[in-house]
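Participant: Take this structure, written in structure tokens, and hold onto it; I'll ask about it next.
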Amino acid sequence: MTAFEVRGVAKRFPKGADDIVALRDVDLTVEPGEFLVLLGRSGCGKSTLLNLLAGLTRPSGGSIRHRGRPVTGPRTEVGYLTQQDTLMPWRDVTRNVEMPRELRGEGRRERRAAALALIERVGLRGFEKHYPRELSGGMRRRASLARMLAGDPETLLLDEPFGALDAQLRTELQGELLRLWQGSGRTVVFVTHDIQEAVTLADRVVVLGPLGRIVLDLPIDLPRPRDPEDVRVDARFVELHRRLAEALR
Amino acid sequence: MSTGPVRERSGRGFRARHGRTATVWAWRAILLVAFLVAWQVLSGRVLDPQYVSSPDGIVTRLGDWLADGTLATNTWITVQEIVLGFLLGAGAAALIAYVIAPLRIVWDVLDPLVMALYSIPKVALAPLFIVWFGIGTSMKVLLAAVTVFFLVFLNTAAGIHDVDPALVDAVRLMGGRRRDIALKVILPASLTGLLTGLRVAIPYALIGAVIGELVASNRGLGYLISDSSATFDTDGVFATLVVLSLVAAALNALVTLLGRRANRWKPLTT
Ligand SMILES: Nc1ncnc2c1ncn2[C@@H]1O[C@H](COP(=O)(O)OP(=O)(O)O)[C@@H](O)[C@H]1O
Ligand SMILES: [Mg+2]
């Protein structure tokens, strides 16, 4: 059974008398346990596609299946880290991270313990009681990541999760994400516009072209486990990087 | 994992933390005293106490009224009208806003109607209210309630409509149902609007009640004003105004207390 099966999907946004076509005729299969990176320049419809996979919006045409069942709405097995921060501004970090388990009806003590462990894991210790607006952009990002992981989803959708972070922190979190994913059996769909990030993380890179179509589907045959620092000097890495840069042009 | 930011004890003393507040309060006191002294000195020499009264006269009058119970009875009546009117108006407004505002289509239909009613000067309703409810306490309570209602209702509805849809989506993604969205997103997010409404409505509750008393009454602070001015008793009018502003200040302090909790997250800068 496939994790996601996208068949002939189109997405149009009505605008006055015209439609903005964000996606047209996209076919995509995501295997279970796979780390798939969706690569494309900004405005090519990456976020639109993730919204569809998450079940937040419905396609204008075509069909999407998750684990064999048609996607009709959001599901808790799918965690989605959206491009924009959506932490509740009136909750401190801990209460934000608790939220997925709170909505599931879990007891206060357990969900608090789970939240604190995750906050520690994303490096936000000491900021448990801070409100989102008291955090930097990068810290909010990490808090959002912790919140998503608190729901313990089996499929992760990540929309440019490390885009706003400095290079150092970005590399660290990439490493952390790889450790988190390695051997967990989780499926990851990771969106980025950064070729280097794509090659570092992916089993497979799918390039979304400017016309809302997939232009390249490239397996990344670099050995795992990968270290984000070391992999970049690999000769094979450079070759893959070149091919993707060509496809993006 | 990455090192987070570091927290240190600031070592700031009382002066650094409260110096500004202290300065502000000191200046307020200085200004008030200067004003009172100038008033007292000028009254009787330059200005006619018959028109502007004097601090001395006001204090004497307050003392007399305090002694014979006039002040306590009338203030208590007005405060009751304000509080009842405020609770009634704000309660009804919040309730109706939370029922109607989320239903966008109902809101769109009713919006111009609400605005039309809101635009009516509430004083103009006083004669009608006298016909409907007599000149007793209920007339003042309802006049205050109507005034409060629209302010709280419109502000709460605006708060509900300003809720970021991305936050609603976030809760849907975490498996939240309609109930969770209402209680964990719409309600807290719109609380700022509700609090704004409550804050701006407080002086209007007072206005509504006092206008009701001015128009037709035989008790309350509004009555004291109209009664004093009818006998050219400026000391009485000013004494009542002082009491009214004290009541207003007390009410404002109450709402500030209410809003303080929400303030930590309020400015949503991203
Ligand atoms: N809700 C929307 N309404 C109208 N147009 C939209 C909406 N969402 C996205 N678009 C348009 O669809 C295109 C793709 O957007 P998006 O998926 O956000 O791109 P990306 O994430 O790849 O940068 C853009 O041209 C954008 O303007
Ligand atoms: Mg995007």
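Residue numbers start at 1 in each chain; chains themselves are named A, B, ... in the order of the structure tokens; ligands are numbered from 1 in the order shown.
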As a PyMOL selection string, please: all residues of stretch 12-243 of chain A that backbone DSSP puts in strand (DSSP E).
Facilitator: chain A and resi 12-15+18-30+35-39+61-66+69-70+78-81+155-159+187-192+204-208+214-219
Participant: Would you mind listing the residues within 8 Å of ligand 2, counting only C-alpha atoms and all ligand atoms, as a PDB file with C-alpha atoms, in the first residue's frame?
Facilitator:
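As written to disk, result.pdb reads:
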```
ATOM      1  CA  SER A  42       8.700  29.883  -4.841  1.00  0.00           C
ATOM      2  CA  GLY A  43       5.203  30.215  -6.245  1.00  0.00           C
ATOM      3  CA  GLY A  45       2.556  25.341  -5.956  1.00  0.00           C
ATOM      4  CA  LYS A  46       4.501  23.385  -3.312  1.00  0.00           C
ATOM      5  CA  SER A  47       2.446  24.651  -0.372  1.00  0.00           C
ATOM      6  CA  THR A  48      -0.730  24.163  -2.370  1.00  0.00           C
ATOM      7  CA  GLN A  83       5.026  27.382   6.160  1.00  0.00           C
ATOM      8  CA  ASP A 159       6.772  23.030   4.421  1.00  0.00           C
ATOM      9  CA  GLU A 160      10.167  24.769   4.315  1.00  0.00           C
TER      10      GLU A 160
END
```
Participant: For A:Arg112, please output as JSON, numbers by chain all residues within 12 Å (counting only C-alpha atoms; exclusion window: fewer than 2 positions along the same chain).
Facilitator: {"A": [93, 94, 95, 96, 97, 98, 99, 100, 101, 102, 106, 107, 108, 109, 110, 114, 115, 116, 117, 118, 119, 128, 147, 150]}
Participant: Can you pull out every residue within 8 Å of stretch 201-207 of chain A, counting only C-alpha atoms, but drop anything in the same chain fewer than 6 positions away, and send it as a VMD selection string?
Facilitator: chain A and resid 34 to 40 174 178 214 to 221 228 244 247 to 248
Participant: If you keep N, CA and C atoms, can you produce a file of those selected residues as a PDB file, in the first residue's frame?
Facilitator:
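What landed in result-v1.pdb:
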```
ATOM      1  N   GLU A  34       9.253   6.417   3.142  1.00  0.00           N
ATOM      2  CA  GLU A  34      10.136   7.149   2.247  1.00  0.00           C
ATOM      3  C   GLU A  34      10.330   8.597   2.719  1.00  0.00           C
ATOM      4  N   PHE A  35      11.521   9.127   2.459  1.00  0.00           N
ATOM      5  CA  PHE A  35      11.776  10.545   2.699  1.00  0.00           C
ATOM      6  C   PHE A  35      11.758  11.241   1.354  1.00  0.00           C
ATOM      7  N   LEU A  36      10.639  11.882   1.023  1.00  0.00           N
ATOM      8  CA  LEU A  36      10.486  12.512  -0.271  1.00  0.00           C
ATOM      9  C   LEU A  36      10.628  14.019  -0.140  1.00  0.00           C
ATOM     10  N   VAL A  37      11.438  14.604  -1.014  1.00  0.00           N
ATOM     11  CA  VAL A  37      11.563  16.057  -0.994  1.00  0.00           C
ATOM     12  C   VAL A  37      10.918  16.640  -2.244  1.00  0.00           C
ATOM     13  N   LEU A  38      10.038  17.605  -2.036  1.00  0.00           N
ATOM     14  CA  LEU A  38       9.423  18.342  -3.138  1.00  0.00           C
ATOM     15  C   LEU A  38      10.225  19.614  -3.314  1.00  0.00           C
ATOM     16  N   LEU A  39      10.849  19.744  -4.482  1.00  0.00           N
ATOM     17  CA  LEU A  39      11.718  20.891  -4.719  1.00  0.00           C
ATOM     18  C   LEU A  39      11.095  21.779  -5.784  1.00  0.00           C
ATOM     19  N   GLY A  40      11.161  23.074  -5.585  1.00  0.00           N
ATOM     20  CA  GLY A  40      10.624  23.985  -6.599  1.00  0.00           C
ATOM     21  C   GLY A  40      10.865  25.405  -6.186  1.00  0.00           C
ATOM     22  N   GLN A 174      18.525  19.642  10.584  1.00  0.00           N
ATOM     23  CA  GLN A 174      18.469  18.630   9.527  1.00  0.00           C
ATOM     24  C   GLN A 174      18.978  17.297  10.070  1.00  0.00           C
ATOM     25  N   LEU A 178      16.849  13.829  10.524  1.00  0.00           N
ATOM     26  CA  LEU A 178      17.274  12.554   9.950  1.00  0.00           C
ATOM     27  C   LEU A 178      17.336  11.465  11.024  1.00  0.00           C
ATOM     28  N   ILE A 214       5.075  18.270 -12.523  1.00  0.00           N
ATOM     29  CA  ILE A 214       6.330  17.670 -12.075  1.00  0.00           C
ATOM     30  C   ILE A 214       7.272  17.538 -13.267  1.00  0.00           C
ATOM     31  N   VAL A 215       8.505  18.072 -13.124  1.00  0.00           N
ATOM     32  CA  VAL A 215       9.430  18.054 -14.255  1.00  0.00           C
ATOM     33  C   VAL A 215      10.562  17.034 -14.084  1.00  0.00           C
ATOM     34  N   LEU A 216      10.803  16.580 -12.860  1.00  0.00           N
ATOM     35  CA  LEU A 216      11.861  15.591 -12.654  1.00  0.00           C
ATOM     36  C   LEU A 216      11.585  14.791 -11.390  1.00  0.00           C
ATOM     37  N   ASP A 217      11.893  13.478 -11.453  1.00  0.00           N
ATOM     38  CA  ASP A 217      11.726  12.595 -10.300  1.00  0.00           C
ATOM     39  C   ASP A 217      13.037  11.848 -10.141  1.00  0.00           C
ATOM     40  N   LEU A 218      13.860  12.271  -9.167  1.00  0.00           N
ATOM     41  CA  LEU A 218      15.240  11.798  -9.101  1.00  0.00           C
ATOM     42  C   LEU A 218      15.525  11.060  -7.794  1.00  0.00           C
ATOM     43  N   PRO A 219      15.872   9.742  -7.888  1.00  0.00           N
ATOM     44  CA  PRO A 219      16.258   9.027  -6.661  1.00  0.00           C
ATOM     45  C   PRO A 219      17.626   9.509  -6.192  1.00  0.00           C
ATOM     46  N   ILE A 220      17.802   9.672  -4.888  1.00  0.00           N
ATOM     47  CA  ILE A 220      19.091  10.105  -4.338  1.00  0.00           C
ATOM     48  C   ILE A 220      19.762   8.881  -3.727  1.00  0.00           C
ATOM     49  N   ASP A 221      20.771   8.380  -4.420  1.00  0.00           N
ATOM     50  CA  ASP A 221      21.366   7.111  -3.990  1.00  0.00           C
ATOM     51  C   ASP A 221      22.603   7.312  -3.132  1.00  0.00           C
ATOM     52  N   PRO A 228      24.774  15.665   7.585  1.00  0.00           N
ATOM     53  CA  PRO A 228      24.566  16.850   6.733  1.00  0.00           C
ATOM     54  C   PRO A 228      25.859  17.589   6.404  1.00  0.00           C
ATOM     55  N   LEU A 244      19.769  18.636 -10.473  1.00  0.00           N
ATOM     56  CA  LEU A 244      18.581  19.321  -9.938  1.00  0.00           C
ATOM     57  C   LEU A 244      18.592  20.808 -10.302  1.00  0.00           C
ATOM     58  N   ALA A 247      17.276  21.143 -13.695  1.00  0.00           N
ATOM     59  CA  ALA A 247      15.823  20.952 -13.783  1.00  0.00           C
ATOM     60  C   ALA A 247      15.070  22.182 -13.279  1.00  0.00           C
ATOM     61  N   LEU A 248      15.648  22.859 -12.331  1.00  0.00           N
ATOM     62  CA  LEU A 248      14.971  24.025 -11.748  1.00  0.00           C
ATOM     63  C   LEU A 248      15.012  25.231 -12.678  1.00  0.00           C
TER      64      LEU A 248
END
```
Participant: Select the residues contacting ligand 1 at a distance of at most 12 Å, based on only C-alpha atoms and all ligand atoms, then format the selection as JSON, numbers by chain.
Facilitator: {"A": [10, 11, 12, 13, 14, 15, 16, 18, 19, 20, 21, 22, 23, 24, 38, 39, 40, 41, 42, 43, 44, 45, 46, 47, 48, 49, 50, 51, 52, 56, 57, 58, 82, 83, 84, 158, 159, 160, 161, 163, 190, 191, 192, 193, 194, 207, 208, 209, 210, 211, 212, 213], "B": [165, 166]}
Participant: With a distance cut-off of 12 Å and only C-alpha atoms, select the neighbouring residues of B:Glu81, excluding the residue or stretch itself and same-chain residues fewer than 4 positions from it, and output the selection as a PyMOL selection string.
Facilitator: chain B and resi 74-77+85-89+136-145+205-213+219-222
Participant: Can you tell me, as a PyMOL selection string, which residues in stretch 7-238 of chain A count as helix (DSSP H, G or I) by DSSP?
Facilitator: chain A and resi 46-54+93-103+108-121+132-134+137-150+167-181+195-201+231-233+235-238
Participant: With only C-alpha atoms considered, list every residue of chain A at most 8 Å from chain B, as an MDAnalysis selection string.
Facilitator: chainID A and resid 54 56 74:76 78:80 86:90 99:100 103:104 121:126 131:133 137 151 169 172 176
Participant: Limited to N, CA, C and O atoms, could you put the picked residues into a file as a compact mmCIF listing (two decimals), in the first residue's frame?
Facilitator:
```
# COMPACT_ATOMS: atom_id res chain seq x y z
N ALA A 54 -2.58 17.22 3.07
CA ALA A 54 -3.01 17.29 4.47
C ALA A 54 -4.53 17.23 4.59
O ALA A 54 -5.05 16.98 5.67
N LEU A 56 -6.49 19.84 3.98
CA LEU A 56 -7.03 21.16 4.34
C LEU A 56 -7.88 21.74 3.23
O LEU A 56 -8.84 22.45 3.48
N PRO A 74 -8.56 16.69 7.21
CA PRO A 74 -7.35 16.49 8.01
C PRO A 74 -7.44 15.23 8.86
O PRO A 74 -8.53 14.86 9.30
N ARG A 75 -6.33 14.55 9.04
CA ARG A 75 -6.29 13.37 9.90
C ARG A 75 -5.12 13.50 10.87
O ARG A 75 -4.09 14.06 10.52
N THR A 76 -5.27 12.93 12.05
CA THR A 76 -4.21 13.08 13.05
C THR A 76 -2.99 12.21 12.72
O THR A 76 -1.91 12.46 13.24
N VAL A 78 -1.51 12.27 10.08
CA VAL A 78 -0.66 13.11 9.24
C VAL A 78 -0.34 14.40 9.99
O VAL A 78 -1.23 15.16 10.33
N GLY A 79 0.94 14.62 10.26
CA GLY A 79 1.36 15.86 10.91
C GLY A 79 1.81 16.84 9.84
O GLY A 79 2.49 16.47 8.90
N TYR A 80 1.38 18.09 9.96
CA TYR A 80 1.70 19.09 8.93
C TYR A 80 2.30 20.31 9.60
O TYR A 80 1.64 20.97 10.39
N THR A 86 1.77 28.76 13.25
CA THR A 86 0.38 28.77 13.72
C THR A 86 0.32 28.40 15.19
O THR A 86 -0.61 27.73 15.62
N LEU A 87 1.32 28.83 15.95
CA LEU A 87 1.24 28.63 17.40
C LEU A 87 0.14 29.55 17.93
O LEU A 87 -0.06 30.64 17.43
N MET A 88 -0.58 29.06 18.96
CA MET A 88 -1.62 29.89 19.54
C MET A 88 -0.94 30.99 20.38
O MET A 88 -0.25 30.66 21.35
N PRO A 89 -1.14 32.26 20.01
CA PRO A 89 -0.39 33.32 20.70
C PRO A 89 -0.75 33.47 22.17
O PRO A 89 0.01 34.07 22.92
N TRP A 90 -1.89 32.93 22.58
CA TRP A 90 -2.30 33.09 23.98
C TRP A 90 -1.86 31.90 24.83
O TRP A 90 -2.18 31.83 26.00
N MET A 99 -0.91 20.70 22.92
CA MET A 99 -2.23 20.79 22.29
C MET A 99 -2.71 19.53 21.55
O MET A 99 -3.85 19.13 21.73
N PRO A 100 -1.86 18.90 20.72
CA PRO A 100 -2.37 17.72 20.00
C PRO A 100 -2.88 16.64 20.94
O PRO A 100 -3.92 16.01 20.69
N LEU A 103 -6.18 17.72 22.66
CA LEU A 103 -7.35 17.54 21.80
C LEU A 103 -7.73 16.06 21.70
O LEU A 103 -8.87 15.73 21.39
N ARG A 104 -6.75 15.21 21.96
CA ARG A 104 -7.02 13.77 21.92
C ARG A 104 -7.63 13.30 23.23
O ARG A 104 -7.98 12.14 23.38
N ARG A 121 14.03 18.33 23.48
CA ARG A 121 14.61 17.73 22.29
C ARG A 121 14.87 18.76 21.19
O ARG A 121 15.83 18.65 20.45
N VAL A 122 13.98 19.77 21.05
CA VAL A 122 14.19 20.77 20.01
C VAL A 122 15.01 21.95 20.54
O VAL A 122 15.14 22.97 19.87
N GLY A 123 15.56 21.83 21.73
CA GLY A 123 16.48 22.84 22.24
C GLY A 123 15.81 24.09 22.76
O GLY A 123 16.34 25.18 22.67
N LEU A 124 14.62 23.96 23.33
CA LEU A 124 13.92 25.14 23.85
C LEU A 124 13.84 25.12 25.37
O LEU A 124 12.99 25.79 25.96
N ARG A 125 14.71 24.35 26.00
CA ARG A 125 14.67 24.28 27.45
C ARG A 125 14.90 25.67 28.05
O ARG A 125 15.74 26.43 27.56
N GLY A 126 14.15 26.00 29.07
CA GLY A 126 14.26 27.32 29.67
C GLY A 126 13.22 28.28 29.10
O GLY A 126 13.06 29.39 29.59
N TYR A 131 5.72 33.01 25.78
CA TYR A 131 4.67 33.09 24.78
C TYR A 131 5.31 33.25 23.40
O TYR A 131 6.43 33.76 23.29
N PRO A 132 4.62 32.81 22.34
CA PRO A 132 5.22 32.85 20.99
C PRO A 132 5.85 34.19 20.63
O PRO A 132 6.93 34.22 20.06
N ARG A 133 5.19 35.28 21.00
CA ARG A 133 5.76 36.56 20.56
C ARG A 133 7.03 36.92 21.33
O ARG A 133 7.71 37.87 20.98
N GLY A 137 12.07 33.97 15.55
CA GLY A 137 11.43 33.19 14.49
C GLY A 137 11.89 31.74 14.50
O GLY A 137 11.07 30.82 14.37
N GLY A 151 1.90 15.07 18.47
CA GLY A 151 0.77 14.30 18.00
C GLY A 151 1.17 12.90 17.54
O GLY A 151 0.32 12.09 17.20
N LEU A 169 22.17 26.39 12.63
CA LEU A 169 21.02 25.77 13.27
C LEU A 169 20.28 24.86 12.29
O LEU A 169 19.78 23.80 12.64
N GLU A 172 22.01 21.62 12.04
CA GLU A 172 21.76 20.84 13.25
C GLU A 172 20.38 20.20 13.21
O GLU A 172 20.22 19.02 13.52
N GLU A 176 19.06 16.37 13.18
CA GLU A 176 18.09 15.89 14.17
C GLU A 176 16.89 15.24 13.48
O GLU A 176 16.42 14.18 13.90
```
Participant: Which one of B:Thr60, B:Arg199, B:Asp233, B:Ala157 sits closest to B:Ala249 if you count only C-alpha atoms?
Facilitator: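 Closest residue, counting only C-alpha atoms: B:Arg199.
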Participant: Near B:Asp162, counting only C-alpha atoms, which residues have an atom at most 10 Å away, once you skip same-chain residues fewer than 6 positions from it, shown as number ranges by chain?
Facilitator: B: 156, 186, 189-190, 193
Participant: Only N, CA, C and O atoms, please: the residues just picked out, written as a PDB file, in the first residue's frame.
Facilitator:
```
ATOM      1  N   THR B 156     -16.892  42.632  20.066  1.00  0.00           N
ATOM      2  CA  THR B 156     -16.750  41.181  20.155  1.00  0.00           C
ATOM      3  C   THR B 156     -16.866  40.552  18.767  1.00  0.00           C
ATOM      4  O   THR B 156     -16.071  39.682  18.393  1.00  0.00           O
ATOM      5  N   ILE B 186     -11.528  30.291  18.632  1.00  0.00           N
ATOM      6  CA  ILE B 186     -12.389  31.461  18.473  1.00  0.00           C
ATOM      7  C   ILE B 186     -12.531  32.220  19.797  1.00  0.00           C
ATOM      8  O   ILE B 186     -12.371  33.436  19.853  1.00  0.00           O
ATOM      9  N   ALA B 189      -9.130  33.841  21.017  1.00  0.00           N
ATOM     10  CA  ALA B 189      -8.658  34.840  20.049  1.00  0.00           C
ATOM     11  C   ALA B 189      -9.552  36.077  20.074  1.00  0.00           C
ATOM     12  O   ALA B 189      -9.089  37.193  19.875  1.00  0.00           O
ATOM     13  N   SER B 190     -10.844  35.881  20.323  1.00  0.00           N
ATOM     14  CA  SER B 190     -11.761  37.017  20.272  1.00  0.00           C
ATOM     15  C   SER B 190     -11.859  37.721  21.617  1.00  0.00           C
ATOM     16  O   SER B 190     -12.525  38.747  21.736  1.00  0.00           O
ATOM     17  N   GLY B 193     -11.051  41.348  21.586  1.00  0.00           N
ATOM     18  CA  GLY B 193     -12.141  42.187  21.113  1.00  0.00           C
ATOM     19  C   GLY B 193     -13.171  42.412  22.201  1.00  0.00           C
ATOM     20  O   GLY B 193     -13.633  43.539  22.420  1.00  0.00           O
TER      21      GLY B 193
END
```
